[in-house]
>>> print(open('final-v4.txt').read())   # compact mmCIF, C-alpha atoms
# COMPACT_ATOMS: atom_id res chain seq x y z
CA MET A 1 -4.45 38.10 -13.67
CA ASN A 2 -5.47 34.49 -13.65
CA LYS A 3 -4.74 32.98 -17.07
CA ASN A 4 -8.08 31.22 -17.26
CA ILE A 5 -9.98 34.42 -16.49
CA PHE A 6 -7.88 36.29 -19.08
CA ALA A 7 -8.80 33.74 -21.74
CA SER A 8 -12.48 34.03 -20.86
CA LEU A 9 -12.41 37.82 -21.14
CA LEU A 10 -10.84 37.66 -24.58
CA ILE A 11 -13.45 35.21 -25.82
CA ALA A 12 -16.26 37.36 -24.45
CA LEU A 13 -14.77 40.40 -26.19
CA LEU A 14 -14.72 38.56 -29.50
CA VAL A 15 -18.37 37.60 -29.18
CA LEU A 16 -19.56 41.08 -28.25
CA SER A 17 -17.52 42.95 -30.86
CA GLY A 18 -17.68 43.01 -34.65
CA CYS A 19 -14.92 41.62 -36.81
CA ASP A 20 -13.83 45.04 -38.05
CA TYR A 21 -13.42 46.32 -34.53
CA ASN A 22 -11.30 43.32 -33.57
CA ASP A 23 -9.20 43.56 -36.71
CA LYS A 24 -8.58 47.24 -36.03
CA TYR A 25 -7.72 47.08 -32.33
CA PHE A 26 -6.68 43.44 -31.72
CA LYS A 27 -4.51 42.53 -34.71
CA GLU A 28 -2.13 40.60 -32.45
CA LEU A 29 -4.93 38.55 -30.89
CA ASP A 30 -4.25 35.49 -33.05
CA ASP A 31 -0.62 35.47 -31.96
CA ILE A 32 -1.35 35.40 -28.24
CA GLN A 33 -0.56 31.96 -26.81
CA ILE A 34 -2.41 31.42 -23.56
CA THR A 35 -0.89 28.46 -21.74
CA ASP A 36 -1.74 26.90 -18.44
CA VAL A 37 0.75 24.19 -17.57
CA VAL A 38 -0.13 23.16 -14.03
CA HIS A 39 1.76 21.03 -11.54
CA TYR A 40 -0.72 20.05 -8.87
CA ASP A 41 0.51 18.45 -5.68
CA GLY A 42 -2.30 18.05 -3.20
CA LEU A 43 -5.23 16.16 -1.72
CA PHE A 44 -7.68 13.86 -3.44
CA THR A 45 -11.11 15.47 -3.19
CA GLY A 46 -12.96 13.26 -5.66
CA GLU A 47 -15.71 10.68 -5.22
CA TYR A 48 -15.04 7.30 -3.60
CA PRO A 49 -17.10 4.14 -4.29
CA ASP A 50 -19.61 3.09 -1.64
CA GLU A 51 -16.93 0.99 0.08
CA GLY A 52 -14.91 4.12 0.80
CA TYR A 53 -11.85 2.95 -1.16
CA PHE A 54 -10.87 1.83 -4.67
CA THR A 55 -10.15 -1.79 -5.53
CA ASP A 56 -8.90 -1.36 -9.10
CA ARG A 57 -6.75 1.11 -11.03
CA GLU A 58 -9.43 1.84 -13.63
CA SER A 59 -12.02 3.22 -11.22
CA LEU A 60 -9.35 5.12 -9.29
CA GLU A 61 -8.02 6.71 -12.46
CA LYS A 62 -11.52 7.70 -13.57
CA ALA A 63 -12.22 9.45 -10.25
CA VAL A 64 -8.90 11.30 -10.18
CA VAL A 65 -9.31 12.40 -13.81
CA ALA A 66 -12.79 13.74 -13.04
CA MET A 67 -11.35 15.71 -10.12
CA LEU A 68 -8.52 17.20 -12.18
CA ASP A 69 -10.80 18.05 -15.10
CA GLY A 70 -12.96 20.03 -12.71
CA MET A 71 -10.01 21.79 -11.12
CA PHE A 72 -8.06 22.57 -14.29
CA PRO A 73 -10.45 22.87 -17.26
CA TYR A 74 -7.84 24.83 -19.26
CA ALA A 75 -4.77 22.70 -18.49
CA ASP A 76 -2.21 22.35 -21.27
CA ALA A 77 0.06 19.52 -22.35
CA GLY A 78 2.89 18.93 -19.93
CA SER A 79 0.74 19.41 -16.85
CA THR A 80 1.32 16.94 -14.02
CA ALA A 81 -0.30 16.07 -10.73
CA ASN A 82 0.58 14.12 -7.63
CA VAL A 83 -2.74 13.38 -5.92
CA SER A 84 -2.69 11.95 -2.41
CA PRO A 85 -3.69 10.23 -0.31
CA VAL A 86 -6.03 7.95 -2.24
CA LEU A 87 -7.36 4.96 -0.28
CA TYR A 88 -6.75 1.75 -2.19
CA GLY A 89 -7.94 -1.67 -1.10
CA GLU A 90 -5.95 -4.70 -2.23
CA VAL A 91 -7.18 -8.28 -1.88
CA ILE A 92 -4.69 -10.27 0.19
CA HIS A 93 -5.33 -13.88 -0.70
CA GLY A 94 -5.33 -16.35 2.15
CA PHE A 95 -3.51 -19.63 2.10
CA GLU A 96 -4.45 -22.00 -0.66
CA THR A 97 -7.42 -24.18 0.12
CA THR A 98 -9.47 -26.90 -1.56
CA ASP A 99 -13.03 -26.82 -2.84
CA VAL A 100 -14.19 -29.16 -0.09
CA LYS A 101 -12.87 -29.77 3.43
CA TYR A 102 -13.82 -32.78 5.52
CA GLU A 103 -12.70 -34.24 8.84
CA LEU A 104 -13.19 -37.96 9.42
CA THR A 105 -15.58 -38.98 12.20
CA ASP A 106 -15.52 -42.11 14.37
CA ASP A 107 -18.19 -43.63 12.12
CA ASP A 108 -15.96 -43.07 9.09
CA TYR A 109 -13.05 -44.91 10.72
CA ASP A 110 -15.39 -47.75 11.78
CA ALA A 111 -16.65 -48.08 8.20
CA MET A 112 -13.06 -48.71 7.10
CA GLY A 113 -12.86 -51.78 9.34
CA GLU A 114 -12.66 -52.34 13.09
CA GLU A 115 -10.30 -55.29 13.16
CA SER A 116 -6.73 -55.11 14.42
CA GLY A 117 -4.63 -53.12 11.96
CA GLN A 118 -7.66 -51.28 10.57
CA PRO A 119 -8.59 -47.59 11.18
CA GLY A 120 -11.76 -48.36 13.11
CA LYS A 121 -9.90 -50.26 15.82
CA TYR A 122 -8.71 -47.04 17.51
CA ASN A 123 -10.33 -44.50 15.19
CA ASN A 124 -7.05 -43.33 13.71
CA PHE A 125 -4.34 -44.24 11.21
CA ASP A 126 -0.79 -45.35 11.94
CA ALA A 127 2.41 -46.28 10.10
CA THR A 128 1.18 -49.83 9.35
CA MET A 129 -1.73 -48.55 7.23
CA ASP A 130 -1.84 -47.26 3.63
CA VAL A 131 -3.54 -43.94 4.33
CA ASP A 132 -3.92 -42.97 0.65
CA ALA A 133 -5.58 -46.29 -0.19
CA TYR A 134 -8.13 -45.92 2.60
CA LEU A 135 -8.85 -42.26 1.80
CA THR A 136 -9.25 -42.70 -1.96
CA GLU A 137 -11.66 -45.55 -1.29
CA PHE A 138 -13.53 -43.30 1.13
CA LEU A 139 -13.71 -40.61 -1.58
CA ASN A 140 -15.03 -43.09 -4.13
CA ASP A 141 -17.80 -44.07 -1.72
CA ASN A 142 -18.73 -40.59 -0.50
CA TYR A 143 -17.59 -37.95 -3.03
CA SER A 144 -18.10 -39.52 -6.44
CA ALA A 145 -20.30 -36.54 -7.36
CA LEU A 146 -17.35 -34.12 -7.38
CA GLU A 147 -16.51 -32.98 -10.91
CA VAL A 148 -13.16 -33.42 -12.63
CA GLY A 149 -10.85 -30.64 -11.47
CA GLN A 150 -12.43 -30.19 -8.06
CA THR A 151 -10.33 -30.72 -4.95
CA ILE A 152 -10.93 -31.97 -1.42
CA SER A 153 -8.88 -32.10 1.77
CA ILE A 154 -9.42 -34.86 4.34
CA THR A 155 -8.28 -34.30 7.91
CA TYR A 156 -7.62 -37.42 9.95
CA LYS A 157 -5.99 -38.60 13.18
CA TYR A 158 -2.57 -40.19 12.96
CA TYR A 159 -0.89 -42.13 15.75
CA ALA A 160 2.92 -42.18 16.04
CA ASN A 161 5.41 -42.15 18.91
CA SER A 162 2.64 -42.48 21.52
CA THR A 163 1.01 -39.26 20.22
CA THR A 164 -2.08 -38.69 18.11
CA THR A 165 -1.98 -35.66 15.79
CA ASN A 166 -4.25 -34.23 13.13
CA GLN A 167 -2.97 -34.50 9.56
CA THR A 168 -4.46 -33.57 6.22
CA ASN A 169 -4.24 -35.12 2.75
CA SER A 170 -5.57 -33.32 -0.31
CA TYR A 171 -6.84 -34.86 -3.56
CA GLU A 172 -8.01 -33.73 -6.97
CA ARG A 173 -10.69 -35.48 -8.98
CA THR A 174 -9.28 -36.46 -12.39
CA SER A 175 -10.71 -38.43 -15.29
CA ALA A 176 -8.58 -41.36 -14.10
CA GLY A 177 -9.59 -41.14 -10.46
CA TRP A 178 -8.28 -39.38 -7.37
CA GLU A 179 -4.82 -37.83 -7.49
CA ARG A 180 -2.92 -36.77 -4.37
CA ILE A 181 -1.96 -33.08 -4.52
CA GLU A 182 0.07 -30.80 -2.31
CA VAL A 183 -1.74 -27.81 -0.84
CA SER A 184 0.05 -25.27 1.34
CA VAL A 185 -1.10 -25.67 4.92
CA TYR A 186 -0.90 -22.79 7.35
CA THR A 187 1.33 -23.41 10.36
CA PRO A 188 0.58 -21.32 13.47
CA THR A 189 3.33 -19.60 15.41
CA MET A 190 2.56 -21.80 18.40
CA THR A 191 0.12 -24.43 19.61
CA TYR A 192 -1.34 -24.99 23.05
CA THR A 193 -3.58 -27.67 24.57
CA LEU A 194 -5.69 -26.63 27.55
CA GLU A 195 -4.96 -28.40 30.82
CA THR A 196 -7.20 -28.93 33.82
CA GLU A 197 -5.93 -25.85 35.66
CA ASP A 198 -6.62 -23.74 32.56
CA TYR A 199 -10.31 -24.68 32.57
CA GLN A 200 -10.38 -24.06 36.33
CA SER A 201 -8.96 -20.55 35.87
CA MET A 202 -11.92 -19.69 33.64
CA GLY A 203 -14.42 -20.36 36.43
CA THR A 204 -15.84 -23.46 38.08
CA ALA A 205 -19.47 -22.43 38.56
CA SER A 206 -22.32 -23.96 36.59
CA GLY A 207 -22.07 -22.92 32.93
CA GLU A 208 -18.35 -22.18 33.20
CA PRO A 209 -15.50 -24.24 31.60
CA GLY A 210 -13.98 -25.32 34.91
CA ARG A 211 -17.20 -27.04 36.03
CA TYR A 212 -16.49 -30.15 33.90
CA ASN A 213 -13.19 -29.09 32.33
CA ASN A 214 -14.64 -28.62 28.86
CA PHE A 215 -16.68 -26.30 26.68
CA ASP A 216 -20.16 -26.85 25.33
CA SER A 217 -22.74 -25.09 23.14
CA ASN A 218 -23.80 -22.78 25.98
CA MET A 219 -20.36 -21.20 26.26
CA ASP A 220 -18.72 -18.57 24.06
CA VAL A 221 -15.48 -20.41 23.32
CA ASP A 222 -13.85 -17.47 21.51
CA HIS A 223 -14.53 -15.10 24.40
CA TYR A 224 -12.95 -17.42 26.96
CA LEU A 225 -9.94 -18.34 24.84
CA THR A 226 -9.03 -14.80 23.69
CA VAL A 227 -9.01 -13.64 27.33
CA PHE A 228 -7.07 -16.74 28.35
CA LEU A 229 -4.39 -16.19 25.68
CA LYS A 230 -3.90 -12.57 26.76
CA GLN A 231 -3.16 -13.80 30.29
CA LYS A 232 -1.17 -16.86 29.22
CA PHE A 233 1.11 -15.03 26.78
CA PRO A 234 1.45 -11.45 28.07
CA TYR A 235 4.54 -10.80 25.95
CA ALA A 236 3.14 -12.01 22.63
CA ILE A 237 4.41 -10.16 19.55
CA GLU A 238 1.96 -8.56 17.15
CA GLY A 239 1.13 -11.01 14.36
CA SER A 240 1.71 -14.11 16.49
CA THR A 241 -0.84 -16.90 16.06
CA CYS A 242 -1.82 -19.72 18.38
CA GLU A 243 -3.87 -22.84 17.73
CA VAL A 244 -5.65 -23.87 20.93
CA THR A 245 -6.88 -27.43 21.37
CA TYR A 246 -9.66 -27.98 23.91
CA VAL A 247 -12.26 -30.52 24.97
CA TYR A 248 -15.79 -29.92 23.67
CA TYR A 249 -18.94 -31.67 24.89
CA SER A 250 -21.79 -32.41 22.50
CA GLY A 251 -23.44 -35.70 23.50
CA GLY A 252 -19.92 -36.83 24.27
CA THR A 253 -16.50 -35.21 24.46
CA SER A 254 -14.06 -34.69 21.61
CA ASP A 255 -11.04 -32.51 20.88
CA ARG A 256 -11.50 -29.34 18.87
CA SER A 257 -9.11 -26.60 17.82
CA SER A 258 -9.47 -22.87 17.24
CA LEU A 259 -6.93 -20.44 15.76
CA TYR A 260 -6.28 -16.91 17.07
CA LYS A 261 -4.02 -14.03 16.07
CA TYR A 262 -2.57 -11.26 18.26
CA ASN A 263 -3.18 -7.78 16.81
CA GLY A 264 -0.86 -5.95 19.18
CA SER A 265 -3.37 -5.41 21.97
CA SER A 266 -5.70 -8.41 21.99
CA TRP A 267 -6.24 -11.87 20.52
CA GLU A 268 -8.89 -12.37 17.85
CA VAL A 269 -10.29 -15.23 15.79
CA TYR A 270 -8.14 -15.83 12.73
CA ASP A 271 -8.81 -17.69 9.48
CA PRO A 272 -5.59 -17.89 7.43
CA TYR A 273 -7.51 -19.21 4.40
CA GLU A 274 -9.83 -16.23 4.19
CA ASP A 275 -9.15 -13.45 1.66
CA THR A 276 -8.86 -10.04 3.30
CA ILE A 277 -8.78 -6.43 2.10
CA GLU A 278 -5.72 -4.38 3.00
CA ILE A 279 -6.41 -0.66 2.69
CA THR A 280 -3.41 1.56 2.08
CA GLU A 281 -2.84 5.18 1.19
CA ARG A 282 -1.58 5.64 -2.36
CA ASP A 283 -0.31 8.55 -4.43
CA ALA A 284 -1.73 8.86 -7.96
CA VAL A 285 0.89 10.30 -10.31
CA MET A 286 -0.96 11.86 -13.27
CA ALA A 287 0.07 13.45 -16.59
CA PHE A 288 -1.86 15.56 -19.14
CA ASP A 289 -1.10 15.11 -22.86
CA GLY A 290 -3.11 18.10 -24.06
CA SER A 291 -6.37 16.19 -24.32
CA ASN A 292 -6.63 13.80 -21.40
CA TRP A 293 -5.28 13.14 -17.94
CA SER A 294 -3.92 9.64 -17.41
CA LEU A 295 -2.56 7.63 -14.51
CA VAL A 296 1.20 7.28 -14.87
CA ARG A 297 1.87 5.39 -11.70
CA LEU A 298 0.15 4.41 -8.49
CA MET A 299 2.60 4.81 -5.65
CA GLY A 300 2.57 2.85 -2.41
CA GLY A 301 3.19 5.69 0.02
CA THR A 302 5.16 8.82 0.75
CA GLU A 303 8.67 9.45 2.01
CA ALA A 304 9.06 12.96 3.42
CA VAL A 305 12.37 14.73 2.83
CA LEU A 306 13.04 17.90 4.83
CA PHE A 307 15.85 20.11 3.57
CA THR A 308 18.54 20.86 6.15
CA THR A 309 21.81 22.77 5.85
CA ALA A 310 23.39 19.68 4.28
CA GLU A 311 20.89 19.50 1.42
CA TYR A 312 21.25 23.21 0.57
CA GLN A 313 25.03 22.76 0.65
CA LEU A 314 24.82 19.87 -1.83
CA LEU A 315 23.30 22.27 -4.36
CA VAL A 316 25.91 24.94 -3.59
CA ASP A 317 28.76 22.46 -4.06
CA TRP A 318 27.36 21.31 -7.40
CA VAL A 319 27.19 24.87 -8.68
CA ILE A 320 30.73 25.61 -7.50
CA ALA A 321 31.92 22.59 -9.51
CA ASN A 322 29.69 22.95 -12.59
CA GLU A 323 28.33 26.51 -12.91
CA PRO A 324 30.88 28.70 -11.05
CA GLU A 325 29.68 31.90 -12.72
CA TYR A 326 26.51 31.63 -10.58
CA VAL A 327 28.38 31.40 -7.27
CA SER A 328 27.61 34.22 -4.81
CA THR A 329 30.22 36.96 -4.67
CA VAL A 330 29.25 37.66 -1.05
CA ARG A 331 29.32 34.11 0.38
CA PRO A 332 31.06 32.01 -2.30
CA GLU A 333 31.22 28.88 -0.15
CA GLN A 334 27.60 28.97 0.99
CA GLU A 335 25.40 30.57 -1.66
CA GLU A 336 24.71 30.35 -5.37
CA TYR A 337 22.16 31.69 -7.87
CA TYR A 338 21.75 28.84 -10.33
CA PHE A 339 19.33 27.04 -8.00
CA GLY A 340 19.28 29.82 -5.39
CA ALA A 341 20.51 27.62 -2.54
CA SER A 342 21.96 29.14 0.63
CA SER A 343 23.39 26.96 3.40
CA ASN A 344 23.98 30.16 5.36
CA TYR A 345 20.28 30.99 5.62
CA ASP A 346 19.00 27.44 4.90
CA ASN A 347 16.70 28.54 2.11
CA ILE A 348 16.28 28.95 -1.63
CA ASN A 349 16.73 32.62 -2.48
CA ASN A 350 14.49 33.49 -5.43
CA ALA A 351 14.45 37.25 -4.96
CA TYR A 352 13.95 38.48 -8.54
CA SER A 353 15.80 41.73 -8.06
CA THR A 354 18.93 40.02 -6.74
CA TRP A 355 19.00 37.53 -9.61
CA LYS A 356 18.37 40.15 -12.31
CA ASN A 357 20.73 42.81 -10.94
CA TYR A 358 23.69 40.65 -9.93
CA TYR A 359 23.48 37.17 -11.44
CA ASN A 360 21.96 37.67 -14.89
CA VAL A 361 24.74 35.61 -16.43
CA GLY A 362 25.08 36.40 -20.13
CA GLY A 363 21.87 38.44 -19.93
CA TYR A 364 19.64 35.37 -20.07
CA MET A 365 16.94 37.12 -18.02
CA ASP A 366 16.77 40.23 -20.20
CA GLY A 367 13.22 40.95 -21.25
CA LEU A 368 11.72 38.19 -19.14
CA THR A 369 8.80 38.75 -16.79
CA ASN A 370 8.97 37.69 -13.15
CA ASP A 371 6.66 34.77 -13.93
CA GLU A 372 8.99 33.58 -16.68
CA ILE A 373 11.99 33.91 -14.39
CA SER A 374 10.12 31.98 -11.70
CA ASP A 375 9.51 29.15 -14.18
CA ILE A 376 13.25 28.93 -14.87
CA MET A 377 14.04 28.92 -11.15
CA GLU A 378 11.56 26.14 -10.44
CA GLU A 379 12.68 23.97 -13.35
CA ARG A 380 16.29 24.26 -12.26
CA LEU A 381 15.50 23.49 -8.62
CA ALA A 382 13.42 20.45 -9.59
CA TRP A 383 16.35 19.21 -11.68
CA GLY A 384 18.78 19.85 -8.84
CA ILE A 385 16.69 17.98 -6.29
CA ALA A 386 16.21 15.01 -8.66
CA ASN A 387 19.80 14.78 -9.88
CA VAL A 388 21.93 16.23 -7.08
CA VAL A 389 20.18 15.84 -3.73
CA LEU A 390 18.01 12.71 -3.83
CA PRO A 391 20.68 10.39 -5.30
CA VAL A 392 22.91 11.28 -2.35
CA LEU A 393 20.15 10.71 0.21
CA TYR A 394 18.93 7.41 -1.28
CA SER A 395 21.43 4.92 -2.66
CA GLU A 396 18.64 2.33 -2.95
CA PRO A 397 15.45 4.32 -3.67
CA ASN A 398 12.06 2.66 -3.47
CA PRO A 399 10.17 2.89 -6.80
CA GLU A 400 6.87 2.40 -4.93
CA LEU A 401 7.22 5.63 -2.94
CA THR A 402 6.63 9.27 -3.69
CA TYR A 403 9.41 11.44 -2.29
CA THR A 404 8.01 14.76 -1.08
CA VAL A 405 10.77 17.32 -0.66
CA GLN A 406 10.14 20.32 1.60
CA TYR A 407 12.33 23.42 1.49
CA VAL A 408 12.21 27.07 2.52
CA LEU A 409 11.82 29.73 -0.18
CA TYR A 410 12.78 33.38 0.15
CA GLY A 411 11.37 35.98 -2.23
CA GLY A 412 10.26 35.01 -5.72
CA ARG A 413 6.74 33.61 -5.76
CA GLY A 414 6.49 34.26 -1.99
CA SER A 415 8.50 33.43 1.09
CA GLY A 416 7.53 30.30 3.03
CA ASP A 417 7.71 26.50 3.08
CA TYR A 418 7.24 24.73 -0.25
CA ARG A 419 7.09 21.14 -1.42
CA MET A 420 7.93 19.30 -4.64
CA SER A 421 7.24 15.61 -5.32
CA PHE A 422 9.42 13.04 -7.06
CA ILE A 423 9.37 9.35 -7.92
CA TYR A 424 12.16 6.94 -8.80
CA ASN A 425 11.96 5.35 -12.26
CA GLU A 426 13.54 1.89 -12.23
CA GLU A 427 13.86 1.82 -16.01
CA THR A 428 15.85 5.03 -16.29
CA GLU A 429 17.40 4.58 -12.83
CA ALA A 430 16.71 8.23 -12.07
CA PHE A 431 14.42 10.39 -9.95
CA GLU A 432 11.65 12.20 -11.79
CA PHE A 433 9.74 15.35 -10.89
CA VAL A 434 5.97 14.75 -10.64
CA GLY A 435 4.41 17.75 -8.92
CA GLY A 436 4.81 21.12 -7.24
CA PRO A 437 5.86 23.48 -6.03
CA VAL A 438 3.02 23.88 -3.60
CA LYS A 439 3.12 26.30 -0.70
CA LEU A 440 2.46 24.65 2.65
>>> encode(input="final-v4.txt", output="structure tokens")
Amino acid sequence: MNKNIFASLLIALLVLSGCDYNDKYFKELDDIQITDVVHYDGLFTGEYPDEGYFTDRESLEKAVVAMLDGMFPYADAGSTANVSPVLYGEVIHGFETTDVKYELTDDDYDAMGEESGQPGKYNNFDATMDVDAYLTEFLNDNYSALEVGQTISITYKYYANSTTTNQTNSYERTSAGWERIEVSVYTPTMTYTLETEDYQSMGTASGEPGRYNNFDSNMDVDHYLTVFLKQKFPYAIEGSTCEVTYVYYSGGTSDRSSLYKYNGSSWEVYDPYEDTIEITERDAVMAFDGSNWSLVRLMGGTEAVLFTTAEYQLLVDWVIANEPEYVSTVRPEQEEYYFGASSNYDNINNAYSTWKNYYNVGGYMDGLTNDEISDIMEERLAWGIANVVLPVLYSEPNPELTYTVQYVLYGGRGSGDYRMSFIYNEETEAFEFVGGPVKL
């Protein structure tokens, strides 16, 4: 009978009956200890936020606790749960950026002086000029309203070795003036500047880039360039980025750049400074202290372990070396009855009758029910997997993963495939049981 139902029946009987009746016929009632230690290992069926995923541990824990409270209202201390998968969204911060970004225009260079040796002469800087001096003066004239602590990056053209490139200086407003600061700048995997034949390949009719070898406001630059990159770099690796420089017409022509990233099948617009949400599947490892469920650990994924002949044999070999009295008398090299492992049949033999009739060492099973014997079997197997099998399989275990171990059971609670879950505790440097067994 289900333990929870049994408890309910007893309570109902107490309510409906008088005290004398209970004292007469249920004297042992006060001594009955109804326990329900559960080890859940299964799916998350609780409520998600509107976004469809959790973004913090607190809200995730609250939802998982609500689910477990509903599933196991009579759970006792020592209960555990491994709830998966739970969708968890983490903010991946983009590259560092400043409060304000600005790119100098031709008018800005001209305002700095148009004589020989001054920026306005060719609308760029070169090695003969004190770039910081010019830019801090520009900031004093144009960004004096920025508050102390705010930052700004200025992008400018720099001429060297017969080539003009875009460079960026960043500054912070301090009480003493502008201070040059270093801000990490994203560097693309590759850069490419469109050539005449590239524009031509995109079409030469009116309204197409090849007509005048440039883009303008009537053209979808991103559409053209993502198609172009797919053709230009057919063997691009997923995650590759490319900064494309092109000519743009708006009352005059100027160079512009756009950044794209290859997602494995196509190129798409990419902003490395933008924060993104990375959604992953997590396992919520939970524990019950007798009053409340709590989140023990939020795992980063699952590693599936499927028992083969080798894993069953590891358990057999351990018993031969440490508990020889439990070794099978029929197949002493392949079977044992401490864990129940058999490398001959590739299963865990939990047939109660076999254990009680032939391997009741020292009579430790005398007077026990099948459920009590099953508890012993499962505790031993969980210990064996954590301390004998997994350390052999994983010399460098990942503490962010849940290891789900699948094995075949014969007899006992029912023949079939079962699963137990474990995690690796870095502090104790040992695997720990967190849930199961669950029949698959």
>>> residues_around(input="final-v4.txt", residues="stretch 150-153 of chain A", least_positions_apart="6", cutoff="6 Å", atoms="all atoms listed in the file", output="ChimeraX atom specification")
/A:98-101,169-173
>>> atom_distance(input="final-v4.txt", atom1="atom CA of A:Tyr312", atom2="atom CA of A:Glu379")
16.4 Å
>>> closest_residue(input="final-v4.txt", among="A:Leu306, A:Arg380, A:Tyr109, A:Asp371", to="A:Tyr418", atoms="all atoms listed in the file")
A:Leu306
>>> residues_around(input="final-v4.txt", residues="stretch 357-365 of chain A", least_positions_apart="4", cutoff="8 Å", atoms="all atoms listed in the file", output="list in words")
Glu325, Tyr326, Tyr337, Ser353 and Ile373 of chain A
>>> atom_distance(input="final-v4.txt", atom1="atom CA of A:Thr187", atom2="atom CA of A:Tyr224")
22.7 Å
>>> atom_distance(input="final-v4.txt", atom1="atom CA of A:Asp283", atom2="atom CA of A:Asp69")
17.7 Å
>>> closest_residue(input="final-v4.txt", among="A:Gly412, A:Lys121, A:Leu314, A:Gly435", to="A:Asn387", atoms="all atoms listed in the file")
A:Leu314
>>> residues_around(input="final-v4.txt", residues="stretch 156-160 of chain A", least_positions_apart="3", cutoff="12 Å", atoms="all atoms listed in the file", output="number ranges by chain")
A: 101-106, 108-109, 119-120, 122-132, 134-135, 153, 163-170, 255
>>> residues_near_point(input="final-v4.txt", point="(11.0, 6.2, -11.1)", cutoff="10 Å", atoms="only C-alpha atoms", output="list in words")
Arg297, Pro397, Asn398, Pro399, Glu400, Leu401, Thr402, Phe422, Ile423, Tyr424, Asn425, Glu426, Glu427, Thr428, Glu429, Ala430, Phe431, Glu432, Phe433 and Val434 of chain A
>>> write_last_selection(input="final-v4.txt", atoms="C-alpha atoms", output="compact mmCIF listing (two decimals), in the coordinates of the input")
# COMPACT_ATOMS: atom_id res chain seq x y z
CA ARG A 297 1.87 5.39 -11.70
CA PRO A 397 15.45 4.32 -3.67
CA ASN A 398 12.06 2.66 -3.47
CA PRO A 399 10.17 2.89 -6.80
CA GLU A 400 6.87 2.40 -4.93
CA LEU A 401 7.22 5.63 -2.94
CA THR A 402 6.63 9.27 -3.69
CA PHE A 422 9.42 13.04 -7.06
CA ILE A 423 9.37 9.35 -7.92
CA TYR A 424 12.16 6.94 -8.80
CA ASN A 425 11.96 5.35 -12.26
CA GLU A 426 13.54 1.89 -12.23
CA GLU A 427 13.86 1.82 -16.01
CA THR A 428 15.85 5.03 -16.29
CA GLU A 429 17.40 4.58 -12.83
CA ALA A 430 16.71 8.23 -12.07
CA PHE A 431 14.42 10.39 -9.95
CA GLU A 432 11.65 12.20 -11.79
CA PHE A 433 9.74 15.35 -10.89
CA VAL A 434 5.97 14.75 -10.64
>>> closest_residue(input="final-v4.txt", among="A:Thr404, A:Tyr249, A:Ala176, A:Ser240", to="A:Tyr212", atoms="all atoms listed in the file")
A:Tyr249
>>> residues_around(input="final-v4.txt", residues="A:Tyr345", least_positions_apart="5", cutoff="9 Å", atoms="all atoms listed in the file", output="ChimeraX atom specification")
/A:309,334-335
>>> residues_around(input="final-v4.txt", residues="stretch 33-47 of chain A", least_positions_apart="6", cutoff="7 Å", atoms="all atoms listed in the file", output="ChimeraX atom specification")
/A:3,63-64,67,74-86,435-436,438
>>> closest_residue(input="final-v4.txt", among="A:Val269, A:Leu298, A:Val316, A:Ile277", to="A:Glu61", atoms="all atoms listed in the file")
A:Leu298
